[in-house]
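File shown: upload20.cif (mmCIF, C-alpha atoms).
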```
data_coords
loop_
_atom_site.group_PDB
_atom_site.id
_atom_site.type_symbol
_atom_site.label_atom_id
_atom_site.label_comp_id
_atom_site.auth_asym_id
_atom_site.auth_seq_id
_atom_site.Cartn_x
_atom_site.Cartn_y
_atom_site.Cartn_z
ATOM 1 C CA PRO A 1 13.308 -5.974 20.776
ATOM 2 C CA ALA A 2 10.728 -3.878 22.583
ATOM 3 C CA THR A 3 12.083 -0.612 21.109
ATOM 4 C CA THR A 4 11.485 -1.871 17.563
ATOM 5 C CA ASP A 5 7.971 -3.020 18.443
ATOM 6 C CA GLN A 6 7.303 0.376 20.024
ATOM 7 C CA ALA A 7 8.620 2.240 16.962
ATOM 8 C CA VAL A 8 6.361 0.211 14.657
ATOM 9 C CA ALA A 9 3.376 0.687 16.982
ATOM 10 C CA ASP A 10 4.044 4.453 17.006
ATOM 11 C CA LEU A 11 4.212 4.471 13.220
ATOM 12 C CA LYS A 12 0.882 2.614 13.027
ATOM 13 C CA ALA A 13 -0.681 5.160 15.424
ATOM 14 C CA ARG A 14 0.597 8.115 13.357
ATOM 15 C CA VAL A 15 -0.643 6.610 10.090
ATOM 16 C CA SER A 16 -4.038 5.709 11.593
ATOM 17 C CA LYS A 17 -4.450 9.231 12.955
ATOM 18 C CA ALA A 18 -3.541 10.855 9.621
ATOM 19 C CA LEU A 19 -6.031 8.665 7.765
ATOM 20 C CA LEU A 20 -8.822 8.858 10.344
ATOM 21 C CA SER A 21 -11.343 10.418 7.955
ATOM 22 C CA PHE A 22 -10.938 7.491 5.528
ATOM 23 C CA SER A 23 -11.324 4.537 7.876
ATOM 24 C CA GLY A 24 -13.960 1.897 7.500
ATOM 25 C CA SER A 25 -14.101 -0.714 4.795
ATOM 26 C CA ASP A 26 -12.162 1.425 2.282
ATOM 27 C CA LEU A 27 -9.048 1.737 4.406
ATOM 28 C CA ARG A 28 -7.500 -0.442 7.099
ATOM 29 C CA VAL A 29 -4.254 -0.011 9.027
ATOM 30 C CA LYS A 30 -2.847 -3.074 10.757
ATOM 31 C CA LEU A 31 0.358 -4.405 12.279
ATOM 32 C CA LYS A 32 1.751 -7.682 10.938
ATOM 33 C CA ASP A 33 5.237 -9.200 11.217
ATOM 34 C CA GLY A 34 6.801 -6.002 12.542
ATOM 35 C CA LYS A 35 5.436 -3.940 9.642
ATOM 36 C CA VAL A 36 2.547 -1.532 9.233
ATOM 37 C CA TYR A 37 0.098 -2.484 6.463
ATOM 38 C CA VAL A 38 -2.160 0.211 5.022
ATOM 39 C CA SER A 39 -4.775 -1.546 2.900
ATOM 40 C CA LEU A 40 -6.782 0.683 0.543
ATOM 41 C CA SER A 41 -9.773 -0.587 -1.410
ATOM 42 C CA GLU A 42 -9.970 -0.236 -5.180
ATOM 43 C CA GLN A 43 -13.142 1.752 -4.561
ATOM 44 C CA LEU A 44 -11.229 4.437 -2.653
ATOM 45 C CA LEU A 45 -8.448 4.716 -5.225
ATOM 46 C CA PHE A 46 -9.549 3.753 -8.743
ATOM 47 C CA LYS A 47 -12.455 3.341 -11.106
ATOM 48 C CA SER A 48 -12.753 -0.240 -12.377
ATOM 49 C CA GLY A 49 -9.958 -1.086 -14.828
ATOM 50 C CA SER A 50 -8.361 2.363 -14.404
ATOM 51 C CA THR A 51 -4.809 3.112 -13.297
ATOM 52 C CA LYS A 52 -5.530 6.795 -12.498
ATOM 53 C CA VAL A 53 -6.104 7.569 -8.802
ATOM 54 C CA ASP A 54 -9.409 9.304 -7.966
ATOM 55 C CA PRO A 55 -9.332 12.650 -6.064
ATOM 56 C CA LYS A 56 -10.502 11.062 -2.785
ATOM 57 C CA GLY A 57 -7.749 8.448 -3.012
ATOM 58 C CA GLU A 58 -5.244 11.168 -3.854
ATOM 59 C CA GLU A 59 -6.242 13.024 -0.688
ATOM 60 C CA ALA A 60 -5.651 9.881 1.420
ATOM 61 C CA LEU A 61 -2.258 9.274 -0.204
ATOM 62 C CA LYS A 62 -1.156 12.887 0.388
ATOM 63 C CA LYS A 63 -2.015 12.540 4.084
ATOM 64 C CA LEU A 64 -0.032 9.309 4.231
ATOM 65 C CA ALA A 65 2.897 11.003 2.419
ATOM 66 C CA THR A 66 2.961 13.741 5.082
ATOM 67 C CA VAL A 67 3.478 11.106 7.801
ATOM 68 C CA LEU A 68 6.103 9.280 5.714
ATOM 69 C CA GLN A 69 8.104 12.477 5.143
ATOM 70 C CA GLU A 70 8.593 12.723 8.917
ATOM 71 C CA GLN A 71 9.493 9.017 9.213
ATOM 72 C CA LYS A 72 12.814 9.043 7.385
ATOM 73 C CA ASP A 73 13.783 5.549 8.573
ATOM 74 C CA VAL A 74 10.826 3.799 6.939
ATOM 75 C CA ASN A 75 10.812 2.037 3.572
ATOM 76 C CA VAL A 76 7.573 1.918 1.597
ATOM 77 C CA VAL A 77 6.390 -0.950 -0.605
ATOM 78 C CA VAL A 78 3.278 -0.329 -2.681
ATOM 79 C CA GLU A 79 1.608 -3.613 -3.663
ATOM 80 C CA GLY A 80 -1.213 -3.684 -6.188
ATOM 81 C CA HIS A 81 -3.696 -6.586 -5.966
ATOM 82 C CA THR A 82 -6.612 -7.601 -8.193
ATOM 83 C CA ASP A 83 -9.396 -10.159 -8.213
ATOM 84 C CA ASN A 84 -9.295 -13.067 -10.685
ATOM 85 C CA VAL A 85 -11.565 -11.503 -13.322
ATOM 86 C CA PRO A 86 -9.541 -11.086 -16.532
ATOM 87 C CA ILE A 87 -9.127 -7.496 -17.740
ATOM 88 C CA LEU A 88 -11.009 -6.528 -20.890
ATOM 89 C CA ARG A 89 -9.189 -7.480 -24.060
ATOM 90 C CA GLY A 90 -7.642 -4.490 -25.758
ATOM 91 C CA THR A 91 -7.185 -2.407 -22.612
ATOM 92 C CA ALA A 92 -4.345 -0.130 -23.750
ATOM 93 C CA GLY A 93 -0.934 -1.320 -22.594
ATOM 94 C CA LEU A 94 -2.334 -4.095 -20.389
ATOM 95 C CA THR A 95 -1.992 -7.814 -20.998
ATOM 96 C CA ASP A 96 -3.495 -9.064 -17.733
ATOM 97 C CA ASN A 97 -4.209 -8.321 -14.071
ATOM 98 C CA TRP A 98 -0.506 -8.407 -13.295
ATOM 99 C CA ASP A 99 -0.010 -5.380 -15.556
ATOM 100 C CA LEU A 100 -3.002 -3.631 -14.007
ATOM 101 C CA SER A 101 -1.766 -4.206 -10.451
ATOM 102 C CA ALA A 102 1.785 -3.109 -11.307
ATOM 103 C CA LEU A 103 0.659 0.068 -13.092
ATOM 104 C CA ARG A 104 -1.614 0.982 -10.187
ATOM 105 C CA ALA A 105 1.239 0.463 -7.727
ATOM 106 C CA THR A 106 3.532 2.625 -9.880
ATOM 107 C CA GLU A 107 0.885 5.354 -10.057
ATOM 108 C CA ILE A 108 0.600 5.371 -6.249
ATOM 109 C CA ALA A 109 4.400 5.304 -5.831
ATOM 110 C CA ARG A 110 4.633 8.381 -8.110
ATOM 111 C CA LEU A 111 1.913 10.140 -6.116
ATOM 112 C CA LEU A 112 3.726 9.483 -2.826
ATOM 113 C CA ALA A 113 6.990 10.719 -4.390
ATOM 114 C CA SER A 114 5.400 13.880 -5.796
ATOM 115 C CA SER A 115 3.938 14.469 -2.327
ATOM 116 C CA GLY A 116 7.407 14.517 -0.766
ATOM 117 C CA VAL A 117 8.368 10.896 -0.009
ATOM 118 C CA PRO A 118 11.900 10.338 -1.404
ATOM 119 C CA PRO A 119 11.524 7.972 -4.405
ATOM 120 C CA ALA A 120 14.533 5.922 -3.267
ATOM 121 C CA ARG A 121 12.434 4.762 -0.270
ATOM 122 C CA VAL A 122 9.476 3.619 -2.403
ATOM 123 C CA THR A 123 9.094 0.295 -4.238
ATOM 124 C CA ALA A 124 6.153 -0.416 -6.552
ATOM 125 C CA SER A 125 5.104 -4.013 -7.138
ATOM 126 C CA GLY A 126 2.171 -5.753 -8.776
ATOM 127 C CA ARG A 127 0.863 -8.992 -7.313
ATOM 128 C CA GLY A 128 -2.060 -9.472 -9.724
ATOM 129 C CA GLN A 129 -4.622 -11.971 -8.447
ATOM 130 C CA TYR A 130 -2.009 -14.219 -6.831
ATOM 131 C CA VAL A 131 -2.246 -13.091 -3.183
ATOM 132 C CA PRO A 132 -5.991 -12.931 -2.464
ATOM 133 C CA VAL A 133 -7.325 -12.168 1.007
ATOM 134 C CA ALA A 134 -10.628 -13.920 0.239
ATOM 135 C CA PRO A 135 -11.858 -16.561 -2.219
ATOM 136 C CA ASN A 136 -12.973 -14.968 -5.532
ATOM 137 C CA ASP A 137 -16.429 -16.512 -5.171
ATOM 138 C CA SER A 138 -18.696 -13.483 -4.608
ATOM 139 C CA PRO A 139 -18.798 -9.795 -5.587
ATOM 140 C CA GLN A 140 -18.015 -8.842 -1.956
ATOM 141 C CA ASN A 141 -14.969 -11.107 -1.767
ATOM 142 C CA LYS A 142 -13.704 -9.987 -5.172
ATOM 143 C CA ALA A 143 -13.963 -6.389 -3.954
ATOM 144 C CA LEU A 144 -11.797 -7.317 -0.917
ATOM 145 C CA ASN A 145 -9.137 -8.693 -3.278
ATOM 146 C CA ARG A 146 -9.073 -5.519 -5.394
ATOM 147 C CA ARG A 147 -6.848 -3.458 -3.134
ATOM 148 C CA THR A 148 -3.542 -1.705 -2.755
ATOM 149 C CA GLU A 149 -1.403 -2.481 0.250
ATOM 150 C CA ILE A 150 1.192 0.027 1.341
ATOM 151 C CA ILE A 151 3.672 -1.802 3.554
ATOM 152 C CA LEU A 152 5.812 0.336 5.851
ATOM 153 C CA THR A 153 9.012 -1.257 7.108
ATOM 154 C CA PRO A 154 11.653 0.276 9.367
ATOM 155 C CA LYS A 155 14.956 0.350 7.456
ATOM 156 C CA LEU A 156 17.190 -2.560 8.371
ATOM 157 C CA ASP A 157 20.362 -0.560 8.956
ATOM 158 C CA GLU A 158 18.633 1.426 11.702
ATOM 159 C CA LEU A 159 17.201 -1.831 12.993
ATOM 160 C CA PHE A 160 20.665 -3.426 13.169
ATOM 161 C CA GLN A 161 21.967 -0.367 15.025
ATOM 162 C CA LEU A 162 19.137 -0.796 17.503
ATOM 163 C CA LEU A 163 20.097 -4.429 17.923
ATOM 164 C CA GLY A 164 23.700 -3.401 18.579
ATOM 165 C CA GLY A 165 25.127 -5.010 15.473
ATOM 166 C CA ASN A 166 27.536 -3.009 13.364
ATOM 167 C CA SER A 167 28.064 -4.220 9.815
ATOM 168 C CA ALA A 168 30.385 -1.337 8.841
#
```

As structure tokens - that is how I would like this structure written.
Amino acid sequence: PATTDQAVADLKARVSKALLSFSGSDLRVKLKDGKVYVSLSEQLLFKSGSTKVDPKGEEALKKLATVLQEQKDVNVVVEGHTDNVPILRGTAGLTDNWDLSALRATEIARLLASSGVPPARVTASGRGQYVPVAPNDSPQNKALNRRTEIILTPKLDELFQLLGGNSA
């Protein structure tokens, strides 16, 4: 319905406005399948191989958290993505890129929660190298694949109410 589309478009506009100072290649906000996707480059958030968010990335996430606090009917999925280059052997606690992507997503989920987004609305997931946005055939393309996507979805119960269905 048009109201749902409008609500998602409004959410995208709010998120884009809050993150204005970070736009460019490091951060993109787009609408896809009725959801708002905030794609953050590894460069903005992490040093290579690290799971600790850099101060500039932390600043971006805090701004996003402020918007999400006001949007109580939005669920948040944090997806970590990597390129296909294997992690260095012996990286503490990490077996492969799947671990790296999951730990990065968890780190970001914690940051959003500590910045006021209710943890029950946040899901952290690691996708490893399995959902690339570009072939892993050049340094530039690999950099595109090393990203975190924060997917904002209106909660379904509110959506069903909008559609007039009542499951209760």

Give as a short mmCIF file (atom, residue, chain, number, x, y, z; two decimals) with C-alpha atoms, keeping the file's coordinate frame the set of residues within 10 Å of the point (-4.8, -5.2, -19.2), where distances use the file's coordinates and only C-alpha atoms.
```cif
data_model
loop_
_atom_site.label_atom_id
_atom_site.label_comp_id
_atom_site.auth_asym_id
_atom_site.auth_seq_id
_atom_site.Cartn_x
_atom_site.Cartn_y
_atom_site.Cartn_z
CA GLY A 49 -9.96 -1.09 -14.83
CA SER A 50 -8.36 2.36 -14.40
CA PRO A 86 -9.54 -11.09 -16.53
CA ILE A 87 -9.13 -7.50 -17.74
CA LEU A 88 -11.01 -6.53 -20.89
CA ARG A 89 -9.19 -7.48 -24.06
CA GLY A 90 -7.64 -4.49 -25.76
CA THR A 91 -7.18 -2.41 -22.61
CA ALA A 92 -4.34 -0.13 -23.75
CA GLY A 93 -0.93 -1.32 -22.59
CA LEU A 94 -2.33 -4.10 -20.39
CA THR A 95 -1.99 -7.81 -21.00
CA ASP A 96 -3.50 -9.06 -17.73
CA ASN A 97 -4.21 -8.32 -14.07
CA TRP A 98 -0.51 -8.41 -13.30
CA ASP A 99 -0.01 -5.38 -15.56
CA LEU A 100 -3.00 -3.63 -14.01
CA SER A 101 -1.77 -4.21 -10.45
CA LEU A 103 0.66 0.07 -13.09
#
```

To one decimal place, how far is CA of Gly80 in chain A from CA of Lys17 in chain A in Å?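 We find that CA of Gly80 in chain A and CA of Lys17 in chain A lie 23.3 Å from each other.
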
Using all atoms listed in the file, find each residue in range 116-161 of chain A having at least one atom no more than 8 Å away from range 28-35 of chain A; report its shortest atom-to-atom pair and that distance in Å (one decimal), rows by chain then rising number, as JSON lines.
```
{"residue": "A:Ile151", "atom": "CA", "partner": "A:Lys35", "partner_atom": "CA", "distance": 6.7}
{"residue": "A:Leu152", "atom": "CA", "partner": "A:Lys35", "partner_atom": "CA", "distance": 5.7}
{"residue": "A:Thr153", "atom": "CA", "partner": "A:Lys35", "partner_atom": "CA", "distance": 5.1}
{"residue": "A:Pro154", "atom": "CA", "partner": "A:Lys35", "partner_atom": "CA", "distance": 7.5}
```

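Put simply, CA of Tyr130 in chain A is 25.8 Å away from CA of Glu58 in chain A.
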
Taking all atoms of range 84-88 of chain A that the file lists and extending 5 Å past them on each side, where is the centre of the axis-aligned box and how long are its edges? Answer in Å to one decimal, as AutoDock Vina command-line options.
```
--center_x -10.3 --center_y -9.8 --center_z -15.8 --size_x 12.4 --size_y 16.5 --size_z 20.2
```

Looking at A:Leu44, A:Val131, A:Ala13, A:Ala7, which one is nearest to Ser25 in chain A, with distances taken over all atoms listed in the file? A:Leu44

I'd like to know which of A:Ser16, A:Ser41, A:Gln6, A:Ser21 is closest to Asn141 in chain A, using all atoms listed in the file.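 That would be A:Ser41, the residue with the smallest distance to Asn141 in chain A.
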
Which polymer residues have any atom within 6 Å of an atom of Glu149 in chain A, counting all atoms listed in the file, with same-chain residues fewer than 6 positions away left out, as a JSON list (two decimals) with C-alpha atoms, in the frame of the given file?
```json
[["chain", "number", "residue", "atom", "x", "y", "z"],
["A", 38, "VAL", "CA", -2.16, 0.21, 5.02],
["A", 39, "SER", "CA", -4.78, -1.55, 2.90],
["A", 78, "VAL", "CA", 3.28, -0.33, -2.68],
["A", 79, "GLU", "CA", 1.61, -3.61, -3.66]]
```

Close residues, Leu144 in chain A itself excluded, 12 Å, all atoms listed in the file, min 6 positions apart in chain, as a PyMOL selection string: chain A and resi 25-28+39-44+81-84+129+131-138

Between CA of Ile150 in chain A and CA of Val77 in chain A, distance in Å (one decimal):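 A separation of 5.6 Å between them.
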